[in-house]
Amino acid sequence: MNILLLGATGRVGSHILSYALHNKHHVTVLVRSPEKIQINNENLRILQGNVLHIDDLVQAMSGVDVVFSALNTDGTSTLSESIQLIVQAMESAAIKRIITVGTAGILQSRITPNILRYQSSESKRKSTRAAEEHQKVFEVLKQSTLDWTIVCPTYLPDGQALGTYRVERDYLPEGGSEISVQDTAWFTYSQMNSHSFIKTRVGIAY
């Protein structure tokens, strides 16, 4: 497969990159700082650019089959601003499949199912800024023509990959409180070959 990975230098994105290259896929990464990618691999194409520049996205999507976005919020509005450009570039290039990493805050609340977790007493986080950014991504993807999946992990310690975890459509698995970065990355990566969670959010936790 020809993969475009956005957010390749982040905690989850760097593991998605490793998994994809290990399995001999062709991977394009669009990064602001190419020197942060310390990998030499004949299947890796590194493009310097910015997800807020439509021309950079269009160039990066040439010949691509699937897009992964592991972009994080970083206290900015890059996430919500870039998703509209990503969708626009994908629709122009006739690419249908996008898999993004979100947050458990944008899953439905079990206590009050008509609102999201971050809006309910279920969430322990004092700041809602990151969840609000991820919610904007969710809203844009819902209105797009794309086959999207948003993987929504709860608390993300580094830890080791256990290989066993629980997933649930639209909700965080009951009692789930954490999931490692590596297991999140593996599940996200594995959605490339799955149709189980098309056009939906999926909660992931141990």
# chains A, B, ... in the order shown; residues from 1 in each chain; ligands from 1

$ residues_around --residues "Arg169 in chain A" --least-positions-apart "2" --cutoff "9 Å" --atoms "only C-alpha atoms" --output "VMD selection string"
chain A and resid 107 167 171 to 173 197 200 to 203

$ closest_residue --among "A:Leu21, A:Asn2, A:Ser190, A:Asn43" --to "Gly63 in chain A" --atoms "only C-alpha atoms"
A:Asn2

$ residues_around --residues "Gln48 in chain A" --least-positions-apart "3" --cutoff "6 Å" --atoms "only C-alpha atoms" --output "count of residues only"
3

$ residues_around --residues "Gln84 in chain A" --least-positions-apart "5" --cutoff "9 Å" --atoms "only C-alpha atoms" --output "ChimeraX atom specification"
/A:89,137,140-141

$ select_by_dssp --residues "range 8-149 of chain A" --states "strand (DSSP E)" --output "count of residues only"
23

$ select_by_dssp --residues "range 38-121 of chain A" --states "alpha helix (DSSP H)" --output "count of residues only"
22

$ residues_around --residues "range 96-98 of chain A" --least-positions-apart "3" --cutoff "6 Å" --atoms "only C-alpha atoms" --output "VMD selection string"
chain A and resid 66 to 68 146 to 148

$ write_last_selection --atoms "all heavy atoms" --output "PDB file, in the first residue's frame"
ATOM      1  N   VAL A  66      -4.073   5.379   1.241  1.00  0.00           N
ATOM      2  CA  VAL A  66      -4.688   5.575   2.558  1.00  0.00           C
ATOM      3  C   VAL A  66      -3.927   6.651   3.316  1.00  0.00           C
ATOM      4  O   VAL A  66      -2.704   6.763   3.193  1.00  0.00           O
ATOM      5  CB  VAL A  66      -4.713   4.249   3.362  1.00  0.00           C
ATOM      6  CG1 VAL A  66      -3.321   3.672   3.532  1.00  0.00           C
ATOM      7  CG2 VAL A  66      -5.382   4.421   4.721  1.00  0.00           C
ATOM      8  N   VAL A  67      -4.656   7.457   4.087  1.00  0.00           N
ATOM      9  CA  VAL A  67      -4.054   8.533   4.881  1.00  0.00           C
ATOM     10  C   VAL A  67      -4.217   8.208   6.360  1.00  0.00           C
ATOM     11  O   VAL A  67      -5.314   7.849   6.814  1.00  0.00           O
ATOM     12  CB  VAL A  67      -4.711   9.896   4.569  1.00  0.00           C
ATOM     13  CG1 VAL A  67      -4.157  10.988   5.484  1.00  0.00           C
ATOM     14  CG2 VAL A  67      -4.506  10.269   3.096  1.00  0.00           C
ATOM     15  N   PHE A  68      -3.113   8.332   7.098  1.00  0.00           N
ATOM     16  CA  PHE A  68      -3.151   8.253   8.562  1.00  0.00           C
ATOM     17  C   PHE A  68      -2.846   9.639   9.108  1.00  0.00           C
ATOM     18  O   PHE A  68      -1.898  10.293   8.638  1.00  0.00           O
ATOM     19  CB  PHE A  68      -2.079   7.294   9.100  1.00  0.00           C
ATOM     20  CG  PHE A  68      -2.396   5.837   8.935  1.00  0.00           C
ATOM     21  CD1 PHE A  68      -1.980   5.146   7.812  1.00  0.00           C
ATOM     22  CD2 PHE A  68      -3.103   5.146   9.910  1.00  0.00           C
ATOM     23  CE1 PHE A  68      -2.255   3.798   7.654  1.00  0.00           C
ATOM     24  CE2 PHE A  68      -3.391   3.797   9.766  1.00  0.00           C
ATOM     25  CZ  PHE A  68      -2.959   3.119   8.638  1.00  0.00           C
ATOM     26  N   LEU A 146     -15.621  10.746   2.893  1.00  0.00           N
ATOM     27  CA  LEU A 146     -14.537   9.792   3.123  1.00  0.00           C
ATOM     28  C   LEU A 146     -14.966   8.583   3.954  1.00  0.00           C
ATOM     29  O   LEU A 146     -15.955   8.638   4.691  1.00  0.00           O
ATOM     30  CB  LEU A 146     -13.376  10.501   3.838  1.00  0.00           C
ATOM     31  CG  LEU A 146     -12.832  11.756   3.153  1.00  0.00           C
ATOM     32  CD1 LEU A 146     -11.711  12.370   4.000  1.00  0.00           C
ATOM     33  CD2 LEU A 146     -12.328  11.451   1.749  1.00  0.00           C
ATOM     34  N   ASP A 147     -14.196   7.510   3.830  1.00  0.00           N
ATOM     35  CA  ASP A 147     -14.337   6.348   4.711  1.00  0.00           C
ATOM     36  C   ASP A 147     -13.372   6.555   5.875  1.00  0.00           C
ATOM     37  O   ASP A 147     -12.193   6.205   5.792  1.00  0.00           O
ATOM     38  CB  ASP A 147     -13.999   5.051   3.964  1.00  0.00           C
ATOM     39  CG  ASP A 147     -15.037   4.701   2.915  1.00  0.00           C
ATOM     40  OD1 ASP A 147     -16.201   5.123   3.080  1.00  0.00           O
ATOM     41  OD2 ASP A 147     -14.693   4.019   1.937  1.00  0.00           O
ATOM     42  N   TRP A 148     -13.879   7.143   6.944  1.00  0.00           N
ATOM     43  CA  TRP A 148     -13.016   7.557   8.052  1.00  0.00           C
ATOM     44  C   TRP A 148     -13.194   6.652   9.266  1.00  0.00           C
ATOM     45  O   TRP A 148     -14.241   6.045   9.474  1.00  0.00           O
ATOM     46  CB  TRP A 148     -13.297   9.017   8.450  1.00  0.00           C
ATOM     47  CG  TRP A 148     -14.744   9.301   8.748  1.00  0.00           C
ATOM     48  CD1 TRP A 148     -15.710   9.690   7.864  1.00  0.00           C
ATOM     49  CD2 TRP A 148     -15.396   9.198  10.025  1.00  0.00           C
ATOM     50  NE1 TRP A 148     -16.925   9.840   8.511  1.00  0.00           N
ATOM     51  CE2 TRP A 148     -16.759   9.541   9.832  1.00  0.00           C
ATOM     52  CE3 TRP A 148     -14.969   8.855  11.310  1.00  0.00           C
ATOM     53  CZ2 TRP A 148     -17.694   9.558  10.871  1.00  0.00           C
ATOM     54  CZ3 TRP A 148     -15.903   8.856  12.355  1.00  0.00           C
ATOM     55  CH2 TRP A 148     -17.241   9.212  12.126  1.00  0.00           C
TER      56      TRP A 148
END

$ closest_residue --among "A:Arg166, A:Arg129, A:His53, A:Glu42" --to "His25 in chain A" --atoms "only C-alpha atoms"
A:Glu42

$ atom_distance --atom1 "CA of Thr149 in chain A" --atom2 "CA of Ser121 in chain A"
25.5 Å

$ closest_residue --among "A:Gln135, A:Thr128, A:Thr154, A:Asn40" --to "Ser80 in chain A" --atoms "only C-alpha atoms"
A:Gln135

$ closest_residue --among "A:Arg11, A:Lys136, A:Asp56, A:Ser194" --to "Glu81 in chain A" --atoms "only C-alpha atoms"
A:Lys136

$ residues_around --residues "Ile16 in chain A" --least-positions-apart "4" --cutoff "8 Å" --atoms "only C-alpha atoms" --output "MDAnalysis selection string"
chainID A and resid 8 12 20 185:186 188:189

$ write_last_selection --atoms "N, CA, C and O atoms" --output "mmCIF file, in the first residue's frame"
data_model
loop_
_atom_site.group_PDB
_atom_site.id
_atom_site.type_symbol
_atom_site.label_atom_id
_atom_site.label_comp_id
_atom_site.auth_asym_id
_atom_site.auth_seq_id
_atom_site.Cartn_x
_atom_site.Cartn_y
_atom_site.Cartn_z
ATOM 1 N N ALA A 8 4.035 12.084 11.889
ATOM 2 C CA ALA A 8 4.962 10.945 11.981
ATOM 3 C C ALA A 8 6.012 11.102 13.073
ATOM 4 O O ALA A 8 6.633 10.113 13.477
ATOM 5 N N VAL A 12 2.501 8.506 18.930
ATOM 6 C CA VAL A 12 1.783 7.426 18.244
ATOM 7 C C VAL A 12 2.247 7.319 16.788
ATOM 8 O O VAL A 12 2.487 6.223 16.274
ATOM 9 N N ALA A 20 4.445 0.283 9.635
ATOM 10 C CA ALA A 20 4.198 0.306 8.186
ATOM 11 C C ALA A 20 5.460 -0.044 7.398
ATOM 12 O O ALA A 20 5.403 -0.811 6.425
ATOM 13 N N ALA A 185 -1.008 2.566 18.556
ATOM 14 C CA ALA A 185 -0.439 2.686 17.211
ATOM 15 C C ALA A 185 -0.711 1.429 16.392
ATOM 16 O O ALA A 185 -1.060 1.507 15.213
ATOM 17 N N TRP A 186 -0.569 0.253 17.022
ATOM 18 C CA TRP A 186 -0.790 -0.994 16.287
ATOM 19 C C TRP A 186 -2.251 -1.121 15.855
ATOM 20 O O TRP A 186 -2.542 -1.463 14.706
ATOM 21 N N THR A 188 -4.401 1.289 15.413
ATOM 22 C CA THR A 188 -4.635 2.316 14.393
ATOM 23 C C THR A 188 -4.118 1.842 13.036
ATOM 24 O O THR A 188 -4.829 1.896 12.023
ATOM 25 N N TYR A 189 -2.887 1.363 13.034
ATOM 26 C CA TYR A 189 -2.262 0.861 11.800
ATOM 27 C C TYR A 189 -3.085 -0.293 11.205
ATOM 28 O O TYR A 189 -3.308 -0.352 9.993
#

$ residues_around --residues "Val181 in chain A" --least-positions-apart "4" --cutoff "12 Å" --atoms "only C-alpha atoms" --output "list in words"
Gly10, Arg11, Val12, Gly13, Ser14, His15, Ile16, Ala70, Val101, Cys152, Pro153, Thr154, Tyr155, Leu156, Pro157, Asp158, Gly159, Gln160, Ala161, Leu162, Gly163, Ala185, Trp186, Phe187, Thr188, Ile204, Ala205 and Tyr206 of chain A

$ closest_residue --among "A:His26, A:Arg45, A:Arg110, A:Lys199" --to "Thr145 in chain A" --atoms "only C-alpha atoms"
A:Lys199

$ closest_residue --among "A:Ala94, A:Ser127, A:Glu174, A:Ser144" --to "Ile111 in chain A" --atoms "only C-alpha atoms"
A:Glu174
